[in-house]
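K.L.:
File name upload_29.cif; file contents mmCIF, C-alpha atoms; full text below.
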```cif
data_my_file
loop_
_atom_site.label_atom_id
_atom_site.label_comp_id
_atom_site.auth_asym_id
_atom_site.auth_seq_id
_atom_site.Cartn_x
_atom_site.Cartn_y
_atom_site.Cartn_z
CA MET A 24 0.00 0.00 0.00
CA GLY A 25 1.49 3.36 -1.04
CA ARG A 26 2.12 6.32 1.19
CA THR A 27 -0.42 9.14 1.32
CA ARG A 28 0.83 12.46 -0.07
CA THR A 29 -0.67 15.43 1.76
CA MET A 30 1.63 18.23 0.56
CA ASN A 31 2.51 19.74 -2.79
CA HIS A 32 5.13 22.32 -2.03
CA LYS A 33 7.85 24.02 -4.02
CA ILE A 34 11.38 22.91 -3.13
CA ALA A 35 14.43 25.13 -3.53
CA VAL A 36 17.73 23.24 -3.49
CA ILE A 37 20.57 25.62 -2.64
CA GLY A 38 23.86 24.45 -4.10
CA ALA A 39 24.52 22.66 -7.40
CA GLY A 40 27.34 20.37 -6.33
CA GLY A 41 26.95 16.64 -6.73
CA TRP A 42 24.67 16.11 -3.72
CA GLY A 43 22.48 19.14 -4.38
CA THR A 44 22.09 18.17 -8.04
CA ALA A 45 21.26 14.56 -7.14
CA LEU A 46 18.57 15.60 -4.65
CA ALA A 47 17.01 18.04 -7.09
CA VAL A 48 16.97 15.45 -9.90
CA MET A 49 15.55 12.74 -7.64
CA TRP A 50 12.70 14.92 -6.35
CA GLN A 51 11.91 16.28 -9.83
CA ARG A 52 11.66 12.74 -11.17
CA ALA A 53 9.13 12.12 -8.38
CA GLU A 54 7.05 14.96 -9.84
CA LYS A 55 7.90 17.59 -7.24
CA ASP A 56 8.20 21.27 -8.08
CA VAL A 57 11.96 21.79 -7.74
CA THR A 58 14.36 24.65 -8.43
CA LEU A 59 18.13 24.13 -8.28
CA TRP A 60 20.12 27.26 -7.38
CA THR A 61 23.81 27.86 -7.97
CA ALA A 62 25.74 30.99 -7.03
CA PHE A 63 27.50 30.95 -10.39
CA GLU A 64 25.81 32.19 -13.56
CA GLU A 65 28.21 30.29 -15.82
CA GLU A 66 27.49 27.03 -14.01
CA SER A 67 23.76 27.60 -14.30
CA ALA A 68 24.07 28.28 -18.04
CA GLU A 69 26.19 25.17 -18.61
CA ILE A 70 23.81 22.88 -16.73
CA LYS A 71 20.84 24.27 -18.65
CA GLN A 72 22.64 23.91 -21.98
CA PHE A 73 23.80 20.32 -21.53
CA ARG A 74 21.12 19.16 -19.04
CA GLU A 75 23.98 17.61 -17.10
CA ASN A 76 26.24 18.73 -14.27
CA LYS A 77 29.43 17.69 -16.04
CA ARG A 78 31.74 18.73 -13.23
CA TYR A 79 30.00 17.34 -10.14
CA LEU A 80 27.56 14.67 -11.35
CA PRO A 81 28.58 13.54 -14.84
CA GLY A 82 26.38 11.07 -16.66
CA VAL A 83 23.16 11.97 -14.86
CA LEU A 84 20.50 13.53 -17.09
CA ILE A 85 18.84 16.59 -15.59
CA PRO A 86 15.11 16.66 -16.46
CA GLU A 87 13.98 19.44 -18.78
CA ASN A 88 11.34 20.52 -16.27
CA LEU A 89 13.88 20.99 -13.46
CA THR A 90 14.47 24.72 -13.16
CA VAL A 91 18.15 25.70 -12.79
CA THR A 92 19.03 29.30 -11.96
CA SER A 93 21.58 31.63 -10.38
CA ASP A 94 18.84 34.15 -9.51
CA ALA A 95 18.26 33.73 -5.77
CA GLU A 96 15.04 35.72 -5.64
CA SER A 97 13.31 33.66 -8.33
CA ALA A 98 14.66 30.39 -6.92
CA LEU A 99 13.22 31.08 -3.48
CA ASP A 100 10.01 32.82 -4.49
CA GLY A 101 7.12 30.79 -3.12
CA SER A 102 9.37 28.03 -1.78
CA GLU A 103 8.05 26.17 1.23
CA ILE A 104 11.03 23.83 1.60
CA VAL A 105 14.58 25.19 1.30
CA VAL A 106 17.38 22.60 1.23
CA PHE A 107 20.91 23.90 1.81
CA VAL A 108 23.57 21.73 0.16
CA VAL A 109 26.68 23.90 0.01
CA PRO A 110 30.15 23.18 1.45
CA SER A 111 30.34 23.83 5.19
CA LYS A 112 32.92 26.63 4.90
CA TYR A 113 30.53 28.66 2.71
CA LEU A 114 27.21 27.80 4.37
CA GLY A 115 27.02 30.83 6.65
CA LYS A 116 27.91 33.24 3.88
CA VAL A 117 25.36 31.77 1.47
CA ALA A 118 22.62 31.69 4.11
CA LYS A 119 23.20 35.34 4.95
CA GLN A 120 23.16 36.21 1.24
CA LEU A 121 19.81 34.48 0.68
CA LYS A 122 18.12 35.37 3.96
CA GLU A 123 15.97 38.19 2.58
CA PHE A 124 14.47 35.95 -0.13
CA ILE A 125 13.45 32.98 2.03
CA PRO A 126 9.71 32.93 2.80
CA THR A 127 8.98 33.38 6.50
CA LYS A 128 7.21 30.03 6.91
CA ALA A 129 9.55 27.86 4.82
CA ARG A 130 11.06 24.78 6.43
CA ILE A 131 14.85 24.84 6.26
CA ILE A 132 16.80 21.62 5.67
CA SER A 133 20.55 21.22 6.12
CA ALA A 134 21.99 18.49 3.92
CA THR A 135 25.56 19.67 4.51
CA LYS A 136 27.97 17.62 6.62
CA GLY A 137 30.69 19.52 8.45
CA LEU A 138 31.66 21.75 11.36
CA ALA A 139 32.27 25.49 11.53
CA GLU A 140 35.65 25.47 13.24
CA GLU A 141 35.92 29.14 14.19
CA THR A 142 34.80 28.36 17.74
CA ILE A 143 35.19 25.62 20.36
CA PRO A 144 32.81 23.90 20.45
CA PRO A 145 32.47 24.19 16.67
CA LEU A 146 29.01 24.90 15.31
CA ARG A 147 26.98 22.22 13.57
CA MET A 148 25.41 23.14 10.24
CA THR A 149 21.89 23.61 11.63
CA GLN A 150 23.37 26.03 14.14
CA VAL A 151 25.13 27.94 11.36
CA LEU A 152 21.83 28.24 9.51
CA GLN A 153 19.96 29.30 12.64
CA ASN A 154 22.50 32.02 13.39
CA ASN A 155 22.70 33.40 9.86
CA LEU A 156 19.02 33.15 8.96
CA CYS A 157 17.87 34.37 12.40
CA VAL A 158 15.14 31.72 12.65
CA VAL A 159 13.91 29.57 15.51
CA PRO A 160 15.56 26.12 15.64
CA GLU A 161 12.18 24.39 15.20
CA ARG A 162 12.14 25.48 11.54
CA ILE A 163 15.44 23.76 10.77
CA VAL A 164 15.88 20.08 9.95
CA ALA A 165 18.99 17.93 9.45
CA LEU A 166 19.17 15.34 6.65
CA SER A 167 21.94 12.75 6.83
CA GLY A 168 22.78 9.12 6.19
CA PRO A 169 24.50 6.78 3.70
CA SER A 170 23.75 8.60 0.47
CA HIS A 171 26.31 8.98 -2.30
CA ALA A 172 25.17 11.51 -4.89
CA GLU A 173 26.28 9.24 -7.73
CA GLU A 174 23.76 6.59 -6.67
CA VAL A 175 20.86 8.90 -5.78
CA GLY A 176 21.29 10.66 -9.11
CA ARG A 177 21.01 7.34 -10.92
CA GLY A 178 17.87 6.31 -9.05
CA LEU A 179 19.44 3.62 -6.85
CA PRO A 180 17.69 2.82 -3.54
CA THR A 181 18.78 5.05 -0.66
CA THR A 182 17.68 5.32 2.96
CA ILE A 183 18.40 8.37 5.09
CA VAL A 184 17.44 10.10 8.36
CA MET A 185 15.69 13.41 8.92
CA ALA A 186 16.07 14.98 12.38
CA GLY A 187 14.01 17.80 13.83
CA LYS A 188 10.62 18.68 15.28
CA ASN A 189 7.21 18.24 13.67
CA ILE A 190 8.69 16.59 10.58
CA GLU A 191 6.37 13.66 9.86
CA GLU A 192 4.49 15.43 7.06
CA LEU A 193 7.77 16.68 5.61
CA ARG A 194 9.11 13.11 5.69
CA GLU A 195 6.05 11.86 3.79
CA PHE A 196 6.39 14.50 1.10
CA LEU A 197 10.13 14.14 0.50
CA SER A 198 10.24 10.32 0.54
CA THR A 199 10.01 8.63 -2.85
CA GLU A 200 10.01 5.07 -4.16
CA ILE A 201 13.82 5.07 -4.16
CA PHE A 202 14.50 7.53 -1.32
CA ARG A 203 13.21 6.33 2.06
CA ILE A 204 13.37 8.74 5.01
CA TYR A 205 13.31 7.77 8.66
CA THR A 206 12.81 10.39 11.38
CA SER A 207 14.69 11.22 14.56
CA ASP A 208 14.50 13.96 17.17
CA ASP A 209 18.24 13.75 17.93
CA VAL A 210 19.50 16.55 15.69
CA ILE A 211 22.90 16.63 17.40
CA GLY A 212 23.48 12.91 16.92
CA VAL A 213 22.30 12.79 13.32
CA GLU A 214 24.49 15.73 12.34
CA LEU A 215 27.58 14.54 14.18
CA GLY A 216 27.29 11.00 12.85
CA GLY A 217 27.38 12.30 9.30
CA THR A 218 30.16 14.76 10.05
CA LEU A 219 32.59 12.82 12.23
CA LYS A 220 32.61 9.75 9.99
CA ASN A 221 34.48 11.70 7.31
CA PRO A 222 37.90 11.74 9.04
CA ILE A 223 37.42 8.03 9.78
CA ALA A 224 36.87 7.49 6.04
CA ILE A 225 40.15 9.29 5.34
CA ALA A 226 41.79 6.83 7.74
CA ALA A 227 40.16 3.97 5.83
CA GLY A 228 41.69 5.32 2.64
CA ILE A 229 45.11 5.58 4.27
CA GLY A 230 44.82 1.95 5.37
CA LYS A 231 43.80 0.94 1.85
CA GLY A 232 46.72 2.86 0.39
CA LEU A 233 49.16 1.22 2.80
CA GLY A 234 47.82 -2.26 2.00
CA ALA A 235 46.46 -2.85 5.49
CA GLY A 236 43.78 -5.34 4.39
CA ASP A 237 40.20 -6.18 5.32
CA ASN A 238 40.94 -7.13 8.92
CA ALA A 239 42.25 -3.63 9.55
CA LEU A 240 39.25 -2.06 7.80
CA GLY A 241 36.84 -4.00 10.00
CA ALA A 242 38.72 -2.85 13.08
CA LEU A 243 38.87 0.72 11.85
CA VAL A 244 35.11 0.93 11.26
CA THR A 245 34.39 -0.59 14.67
CA ARG A 246 36.85 1.54 16.62
CA GLY A 247 35.88 4.54 14.48
CA ILE A 248 32.22 4.39 15.47
CA ALA A 249 33.34 3.99 19.08
CA GLU A 250 35.17 7.32 19.09
CA VAL A 251 32.51 9.06 17.02
CA THR A 252 29.99 7.92 19.63
CA ARG A 253 32.17 9.05 22.55
CA LEU A 254 32.54 12.54 21.13
CA GLY A 255 28.91 12.73 20.07
CA VAL A 256 27.59 11.73 23.49
CA ALA A 257 29.91 14.23 25.17
CA ALA A 258 28.41 16.87 22.86
CA GLY A 259 24.85 16.03 23.92
CA ALA A 260 23.80 13.35 21.42
CA ARG A 261 22.12 10.06 22.29
CA GLU A 262 24.28 6.96 22.08
CA LYS A 263 21.75 4.86 20.16
CA THR A 264 21.67 7.35 17.28
CA PHE A 265 25.17 6.25 16.27
CA ALA A 266 23.94 2.67 15.84
CA GLY A 267 21.58 3.89 13.12
CA LEU A 268 21.75 5.07 9.53
CA SER A 269 23.37 8.43 10.26
CA GLY A 270 26.02 6.74 12.40
CA ILE A 271 27.31 3.29 11.57
CA GLY A 272 25.33 3.21 8.30
CA ASP A 273 26.97 6.31 6.89
CA LEU A 274 30.37 5.36 8.30
CA VAL A 275 30.45 1.91 6.67
CA THR A 276 29.32 3.27 3.31
CA THR A 277 31.88 6.06 3.29
CA CYS A 278 34.74 3.80 4.38
CA ILE A 279 34.19 1.13 1.71
CA SER A 280 32.82 3.02 -1.29
CA GLU A 281 34.73 3.95 -4.42
CA HIS A 282 32.52 7.05 -4.56
CA SER A 283 33.89 8.40 -1.26
CA ARG A 284 35.98 11.54 -1.72
CA ASN A 285 37.29 11.31 1.84
CA ARG A 286 38.45 7.73 1.31
CA ARG A 287 40.13 8.85 -1.91
CA VAL A 288 41.98 11.58 -0.01
CA GLY A 289 43.30 8.95 2.40
CA ILE A 290 44.52 6.70 -0.42
CA GLU A 291 46.47 9.62 -1.91
CA LEU A 292 47.89 10.62 1.49
CA ALA A 293 49.26 7.09 1.83
CA LYS A 294 51.20 7.69 -1.39
CA GLY A 295 52.95 10.64 0.24
CA ARG A 296 51.14 13.36 -1.70
CA LYS A 297 50.56 16.78 -0.13
CA ILE A 298 47.01 17.59 0.91
CA SER A 299 46.96 20.77 -1.20
CA ASP A 300 47.81 18.78 -4.33
CA ILE A 301 45.24 16.11 -3.51
CA LEU A 302 42.41 18.59 -3.03
CA SER A 303 43.39 20.49 -6.16
CA SER A 304 43.24 17.37 -8.32
CA LEU A 305 40.05 16.18 -6.60
CA GLY A 306 38.21 19.32 -7.72
CA MET A 307 35.56 18.86 -5.04
CA VAL A 308 35.29 19.37 -1.29
CA ALA A 309 36.32 16.57 1.07
CA GLU A 310 34.72 17.67 4.34
CA GLY A 311 36.76 15.24 6.43
CA VAL A 312 39.94 17.27 5.98
CA GLU A 313 38.87 20.30 7.98
CA THR A 314 36.66 18.19 10.24
CA ALA A 315 39.71 16.21 11.37
CA ARG A 316 41.28 19.38 12.75
CA SER A 317 38.18 20.92 14.32
CA ALA A 318 36.96 17.61 15.81
CA SER A 319 40.40 16.83 17.23
CA LYS A 320 40.56 20.20 19.00
CA TRP A 321 37.01 19.80 20.22
CA ALA A 322 37.62 16.31 21.59
CA GLU A 323 40.74 17.51 23.40
CA SER A 324 38.78 20.34 25.03
CA LEU A 325 36.21 17.80 26.26
CA GLY A 326 38.77 15.26 27.42
CA VAL A 327 37.47 12.68 24.93
CA GLU A 328 39.85 10.21 23.27
CA THR A 329 39.63 10.20 19.46
CA PRO A 330 42.86 8.47 18.40
CA ILE A 331 41.86 7.81 14.78
CA ILE A 332 40.60 11.34 14.12
CA SER A 333 43.70 12.75 15.85
CA ALA A 334 45.98 10.56 13.72
CA VAL A 335 44.31 11.82 10.53
CA LYS A 336 44.72 15.39 11.75
CA SER A 337 48.42 14.74 12.38
CA VAL A 338 48.97 13.33 8.89
CA ILE A 339 47.17 16.20 7.16
CA PHE A 340 48.19 19.22 9.23
CA ASP A 341 51.35 18.17 11.11
CA ASN A 342 53.06 16.39 8.22
CA LYS A 343 53.27 13.11 10.09
CA SER A 344 53.94 9.84 8.28
CA PRO A 345 50.76 7.83 7.52
CA LYS A 346 52.66 4.59 8.15
CA GLU A 347 53.98 5.80 11.51
CA GLU A 348 50.53 7.01 12.62
CA LEU A 349 49.07 3.61 11.76
CA GLN A 350 51.81 1.97 13.81
CA LYS A 351 51.04 4.26 16.76
CA LEU A 352 47.39 3.22 16.64
CA MET A 353 48.36 -0.44 16.67
CA THR A 354 50.77 -0.04 19.61
CA ARG A 355 48.60 2.05 21.93
CA THR A 356 48.17 0.84 25.52
CA LEU A 357 46.11 -2.35 25.58
CA LYS A 358 42.70 -2.07 27.25
CA HIS A 359 39.20 -3.55 27.60
CA GLU A 360 37.23 -3.14 24.38
CA PHE A 361 34.45 -1.09 25.94
CA GLU A 362 36.49 1.19 28.19
#
```
Translate the structure described by the file into structure tokens.

P.N.:
Amino acid sequence: MGRTRTMNHKIAVIGAGGWGTALAVMWQRAEKDVTLWTAFEEESAEIKQFRENKRYLPGVLIPENLTVTSDAESALDGSEIVVFVVPSKYLGKVAKQLKEFIPTKARIISATKGLAEETIPPLRMTQVLQNNLCVVPERIVALSGPSHAEEVGRGLPTTIVMAGKNIEELREFLSTEIFRIYTSDDVIGVELGGTLKNPIAIAAGIGKGLGAGDNALGALVTRGIAEVTRLGVAAGAREKTFAGLSGIGDLVTTCISEHSRNRRVGIELAKGRKISDILSSLGMVAEGVETARSASKWAESLGVETPIISAVKSVIFDNKSPKEELQKLMTRTLKHEFE
């Protein structure tokens, strides 16, 4: 028996990277009224000309009836759902830029994974939106989970978590036959699960690049979710959230997938390449790079042990040897598994 659809609202997707494009395409295919906004006029023109986002989501046809624009006012006019999908370092700036055009009753969704590292504790993305849009937190929702843009864009089955208040109707409207949404009221946990797994995925890539094998990957995922959970709980999240889709689900997917940019960064670090060169050739944001630094500082301020995240931070920002950091992890003081 199919789900009942009780809404028919215009969706504005803010950000035409791979994930923003994939979401917009997926919802448009499900016969939603969607507009995809990019800050760059040239990018908008190219997507409209080729009906493809050649840079960020190549090979995925963009429907003719999906509106693509760089005009913020027209993109947001009449929108009742506004989905922010821009890199974390630009989210505050973009939100402030678009604030005047967002309808006063629109629900705001953050689909960005990252931390704003200017402060300790760093701000989560829903907090960045709240501060820059000057809205009550009840209007803002987090969307996270195992969801590579390449697969969503191609219509492959995906399951994800939406966290916030009074979101059941929103869940019903945004779920499709290939995009299943569960709900949670643990916004902190859902956001941090999706954010903190990225440095762990870089570590998985380093292990892959060093030839560490499947045994090491299994250990890394298990010990990785342990430290993500420790830091998350210390930050106010609920422990059980990290056993769900936005925690272990997203972590496993990102650590094993060929689509993972963070994993790719780790593989290249293992080859001895500089992070600046890796990111330049990648051509896209790998959120785990900056998250490794901000999360490591945050964990230290809370007295929480995050050895994997700290090792990744040391490789990227302190020029430490990937092989030596792996050895340090393997020779740490022996202890009970659940201490």

K.L.:
Given only C-alpha atoms as the basis, pick out the residue of A:Glu192, A:Asp56, A:Glu281, A:Glu313 nearest to Glu140 (chain A).

P.N.:
A:Glu313

K.L.:
What residues come out when you apply the PyMOL selection byres ((chain A and resi 40-54) around 10) to this file, written as a ChimeraX atom specification?

P.N.:
/A:31,34-39,55-61,75-81,83-91,106-110,134-135,170-179,196-202,307-308

K.L.:
Mind giving me the straight-line distance from CA of Leu357 (chain A) to CA of Gly247 (chain A) in Å, one decimal?

P.N.:
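According to the coordinates, CA of Leu357 (chain A) and CA of Gly247 (chain A) are separated by 16.6 Å.
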
K.L.:
Using CA of Asp208 (chain A) and CA of Val105 (chain A) as the two end points, give the distance in Å to one decimal.

P.N.:
19.4 Å

K.L.:
Between A:His282, A:His32, A:Arg296, A:Lys116, which is the closest to Ala224 (chain A) once you count all atoms listed in the file?

P.N.:
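The closest residue to Ala224 (chain A) is A:His282.
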
K.L.:
Which residues fall under the PyMOL selection byres ((chain A and resi 115) around 9) in this file, as a ChimeraX atom specification?

P.N.:
/A:111-114,116-120,139,148,151-152,154-156

K.L.:
Applying 9 Å and only C-alpha atoms, which residues near Gly267 (chain A) remain after dropping the ones on its own chain fewer than 3 positions away? List them as a PDB file with C-alpha atoms, keeping the file's coordinate frame.

P.N.:
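Below is the file around06.pdb, written as the result:
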```
ATOM      1  CA  GLY A 168      22.780   9.120   6.190  1.00  0.00           C
ATOM      2  CA  VAL A 184      17.440  10.100   8.360  1.00  0.00           C
ATOM      3  CA  VAL A 213      22.300  12.790  13.320  1.00  0.00           C
ATOM      4  CA  LYS A 263      21.750   4.860  20.160  1.00  0.00           C
ATOM      5  CA  THR A 264      21.670   7.350  17.280  1.00  0.00           C
ATOM      6  CA  GLY A 270      26.020   6.740  12.400  1.00  0.00           C
ATOM      7  CA  ILE A 271      27.310   3.290  11.570  1.00  0.00           C
ATOM      8  CA  GLY A 272      25.330   3.210   8.300  1.00  0.00           C
ATOM      9  CA  ASP A 273      26.970   6.310   6.890  1.00  0.00           C
TER      10      ASP A 273
END
```

K.L.:
Env of Thr206 (chain A): 8 Å cut, atoms = all atoms listed in the file, seq-sep filter 4 positions within chain, self excluded. Answer as a list in words.

P.N.:
Val184, Met185, Ala186, Gly187, Ile190, Glu191 and Arg194 of chain A

K.L.:
Enumerate, as a PyMOL selection string, the protein, DNA and RNA residues whose atoms approach (8.3, 22.5, 15.2) to within 9 Å, taking into account all atoms listed in the file and the coordinate frame of the file.

P.N.:
chain A and resi 160-163+187-190

K.L.:
Print the selection's residues with C-alpha atoms to a file, as a compact mmCIF listing (two decimals), in the coordinates of the input.

P.N.:
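selection-v6.txt, written as the output of this step:
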```txt
# COMPACT_ATOMS: atom_id res chain seq x y z
CA PRO A 160 15.56 26.12 15.64
CA GLU A 161 12.18 24.39 15.20
CA ARG A 162 12.14 25.48 11.54
CA ILE A 163 15.44 23.76 10.77
CA GLY A 187 14.01 17.80 13.83
CA LYS A 188 10.62 18.68 15.28
CA ASN A 189 7.21 18.24 13.67
CA ILE A 190 8.69 16.59 10.58
```

K.L.:
Between A:Lys351, A:Leu268, A:Thr314, A:Val327, which is the closest to Glu141 (chain A) once you count all atoms listed in the file?

P.N.:
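Answer, going by the shortest atom-to-atom distance: A:Thr314.
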
K.L.:
In terms of the shortest atom-to-atom distance over all atoms listed in the file, which of A:Leu292, A:Val256, A:Ala249, A:Ile131 is closest to Gly232 (chain A)?

P.N.:
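Nearest candidate to Gly232 (chain A) out of A:Leu292, A:Val256, A:Ala249, A:Ile131: A:Leu292.
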
K.L.:
Please return region 191-200 of chain A, rebuilt to all heavy atoms, as a PDB file, in the coordinates of the input.

P.N.:
```
ATOM      1  N   GLU A 191       6.981  14.845  10.471  1.00  0.00           N
ATOM      2  CA  GLU A 191       6.370  13.660   9.860  1.00  0.00           C
ATOM      3  C   GLU A 191       5.783  13.950   8.488  1.00  0.00           C
ATOM      4  O   GLU A 191       5.940  13.174   7.536  1.00  0.00           O
ATOM      5  CB  GLU A 191       5.301  13.075  10.793  1.00  0.00           C
ATOM      6  CG  GLU A 191       5.844  12.364  12.015  1.00  0.00           C
ATOM      7  CD  GLU A 191       6.434  13.302  13.055  1.00  0.00           C
ATOM      8  OE1 GLU A 191       6.094  14.513  13.014  1.00  0.00           O
ATOM      9  OE2 GLU A 191       7.217  12.853  13.902  1.00  0.00           O
ATOM     10  N   GLU A 192       5.083  15.083   8.354  1.00  0.00           N
ATOM     11  CA  GLU A 192       4.490  15.430   7.060  1.00  0.00           C
ATOM     12  C   GLU A 192       5.580  15.737   6.034  1.00  0.00           C
ATOM     13  O   GLU A 192       5.469  15.373   4.856  1.00  0.00           O
ATOM     14  CB  GLU A 192       3.558  16.636   7.226  1.00  0.00           C
ATOM     15  CG  GLU A 192       2.655  16.864   6.021  1.00  0.00           C
ATOM     16  CD  GLU A 192       1.670  17.998   6.244  1.00  0.00           C
ATOM     17  OE1 GLU A 192       1.772  18.704   7.270  1.00  0.00           O
ATOM     18  OE2 GLU A 192       0.804  18.176   5.371  1.00  0.00           O
ATOM     19  N   LEU A 193       6.643  16.383   6.487  1.00  0.00           N
ATOM     20  CA  LEU A 193       7.770  16.680   5.610  1.00  0.00           C
ATOM     21  C   LEU A 193       8.420  15.377   5.133  1.00  0.00           C
ATOM     22  O   LEU A 193       8.785  15.242   3.958  1.00  0.00           O
ATOM     23  CB  LEU A 193       8.784  17.540   6.375  1.00  0.00           C
ATOM     24  CG  LEU A 193       9.911  18.198   5.587  1.00  0.00           C
ATOM     25  CD1 LEU A 193       9.367  19.170   4.561  1.00  0.00           C
ATOM     26  CD2 LEU A 193      10.864  18.914   6.549  1.00  0.00           C
ATOM     27  N   ARG A 194       8.568  14.424   6.036  1.00  0.00           N
ATOM     28  CA  ARG A 194       9.110  13.110   5.690  1.00  0.00           C
ATOM     29  C   ARG A 194       8.265  12.444   4.602  1.00  0.00           C
ATOM     30  O   ARG A 194       8.799  11.898   3.628  1.00  0.00           O
ATOM     31  CB  ARG A 194       9.140  12.222   6.929  1.00  0.00           C
ATOM     32  CG  ARG A 194       9.515  10.770   6.660  1.00  0.00           C
ATOM     33  CD  ARG A 194       9.210   9.893   7.865  1.00  0.00           C
ATOM     34  NE  ARG A 194       7.779   9.855   8.163  1.00  0.00           N
ATOM     35  CZ  ARG A 194       7.260   9.365   9.288  1.00  0.00           C
ATOM     36  NH1 ARG A 194       8.042   8.897  10.234  1.00  0.00           N
ATOM     37  NH2 ARG A 194       5.946   9.364   9.472  1.00  0.00           N
ATOM     38  N   GLU A 195       6.944  12.487   4.762  1.00  0.00           N
ATOM     39  CA  GLU A 195       6.050  11.860   3.790  1.00  0.00           C
ATOM     40  C   GLU A 195       6.205  12.487   2.413  1.00  0.00           C
ATOM     41  O   GLU A 195       6.223  11.797   1.383  1.00  0.00           O
ATOM     42  CB  GLU A 195       4.601  11.965   4.263  1.00  0.00           C
ATOM     43  CG  GLU A 195       4.281  11.152   5.495  1.00  0.00           C
ATOM     44  CD  GLU A 195       4.404   9.656   5.247  1.00  0.00           C
ATOM     45  OE1 GLU A 195       3.951   9.185   4.183  1.00  0.00           O
ATOM     46  OE2 GLU A 195       4.967   8.967   6.114  1.00  0.00           O
ATOM     47  N   PHE A 196       6.322  13.799   2.387  1.00  0.00           N
ATOM     48  CA  PHE A 196       6.390  14.500   1.100  1.00  0.00           C
ATOM     49  C   PHE A 196       7.715  14.256   0.384  1.00  0.00           C
ATOM     50  O   PHE A 196       7.751  14.082  -0.836  1.00  0.00           O
ATOM     51  CB  PHE A 196       6.195  16.001   1.325  1.00  0.00           C
ATOM     52  CG  PHE A 196       6.271  16.811   0.059  1.00  0.00           C
ATOM     53  CD1 PHE A 196       5.303  16.690  -0.917  1.00  0.00           C
ATOM     54  CD2 PHE A 196       7.330  17.684  -0.158  1.00  0.00           C
ATOM     55  CE1 PHE A 196       5.380  17.422  -2.097  1.00  0.00           C
ATOM     56  CE2 PHE A 196       7.412  18.423  -1.322  1.00  0.00           C
ATOM     57  CZ  PHE A 196       6.431  18.295  -2.297  1.00  0.00           C
ATOM     58  N   LEU A 197       8.812  14.223   1.127  1.00  0.00           N
ATOM     59  CA  LEU A 197      10.130  14.140   0.500  1.00  0.00           C
ATOM     60  C   LEU A 197      10.584  12.703   0.242  1.00  0.00           C
ATOM     61  O   LEU A 197      11.537  12.479  -0.503  1.00  0.00           O
ATOM     62  CB  LEU A 197      11.170  14.872   1.353  1.00  0.00           C
ATOM     63  CG  LEU A 197      10.978  16.390   1.448  1.00  0.00           C
ATOM     64  CD1 LEU A 197      12.036  17.006   2.358  1.00  0.00           C
ATOM     65  CD2 LEU A 197      11.025  17.042   0.064  1.00  0.00           C
ATOM     66  N   SER A 198       9.928  11.719   0.840  1.00  0.00           N
ATOM     67  CA  SER A 198      10.240  10.320   0.540  1.00  0.00           C
ATOM     68  C   SER A 198       9.707   9.952  -0.842  1.00  0.00           C
ATOM     69  O   SER A 198       8.660  10.442  -1.262  1.00  0.00           O
ATOM     70  CB  SER A 198       9.617   9.394   1.587  1.00  0.00           C
ATOM     71  OG  SER A 198      10.238   9.547   2.849  1.00  0.00           O
ATOM     72  N   THR A 199      10.441   9.102  -1.540  1.00  0.00           N
ATOM     73  CA  THR A 199      10.010   8.630  -2.850  1.00  0.00           C
ATOM     74  C   THR A 199      10.163   7.110  -2.887  1.00  0.00           C
ATOM     75  O   THR A 199      10.566   6.494  -1.903  1.00  0.00           O
ATOM     76  CB  THR A 199      10.855   9.249  -3.984  1.00  0.00           C
ATOM     77  OG1 THR A 199      12.146   8.608  -4.024  1.00  0.00           O
ATOM     78  CG2 THR A 199      11.048  10.750  -3.785  1.00  0.00           C
ATOM     79  N   GLU A 200       9.888   6.518  -4.030  1.00  0.00           N
ATOM     80  CA  GLU A 200      10.010   5.070  -4.160  1.00  0.00           C
ATOM     81  C   GLU A 200      11.447   4.587  -4.030  1.00  0.00           C
ATOM     82  O   GLU A 200      11.690   3.417  -3.720  1.00  0.00           O
ATOM     83  CB  GLU A 200       9.425   4.605  -5.492  1.00  0.00           C
ATOM     84  CG  GLU A 200       7.911   4.754  -5.582  1.00  0.00           C
ATOM     85  CD  GLU A 200       7.359   4.230  -6.890  1.00  0.00           C
ATOM     86  OE1 GLU A 200       8.172   3.863  -7.767  1.00  0.00           O
ATOM     87  OE2 GLU A 200       6.118   4.185  -7.034  1.00  0.00           O
TER      88      GLU A 200
END
```
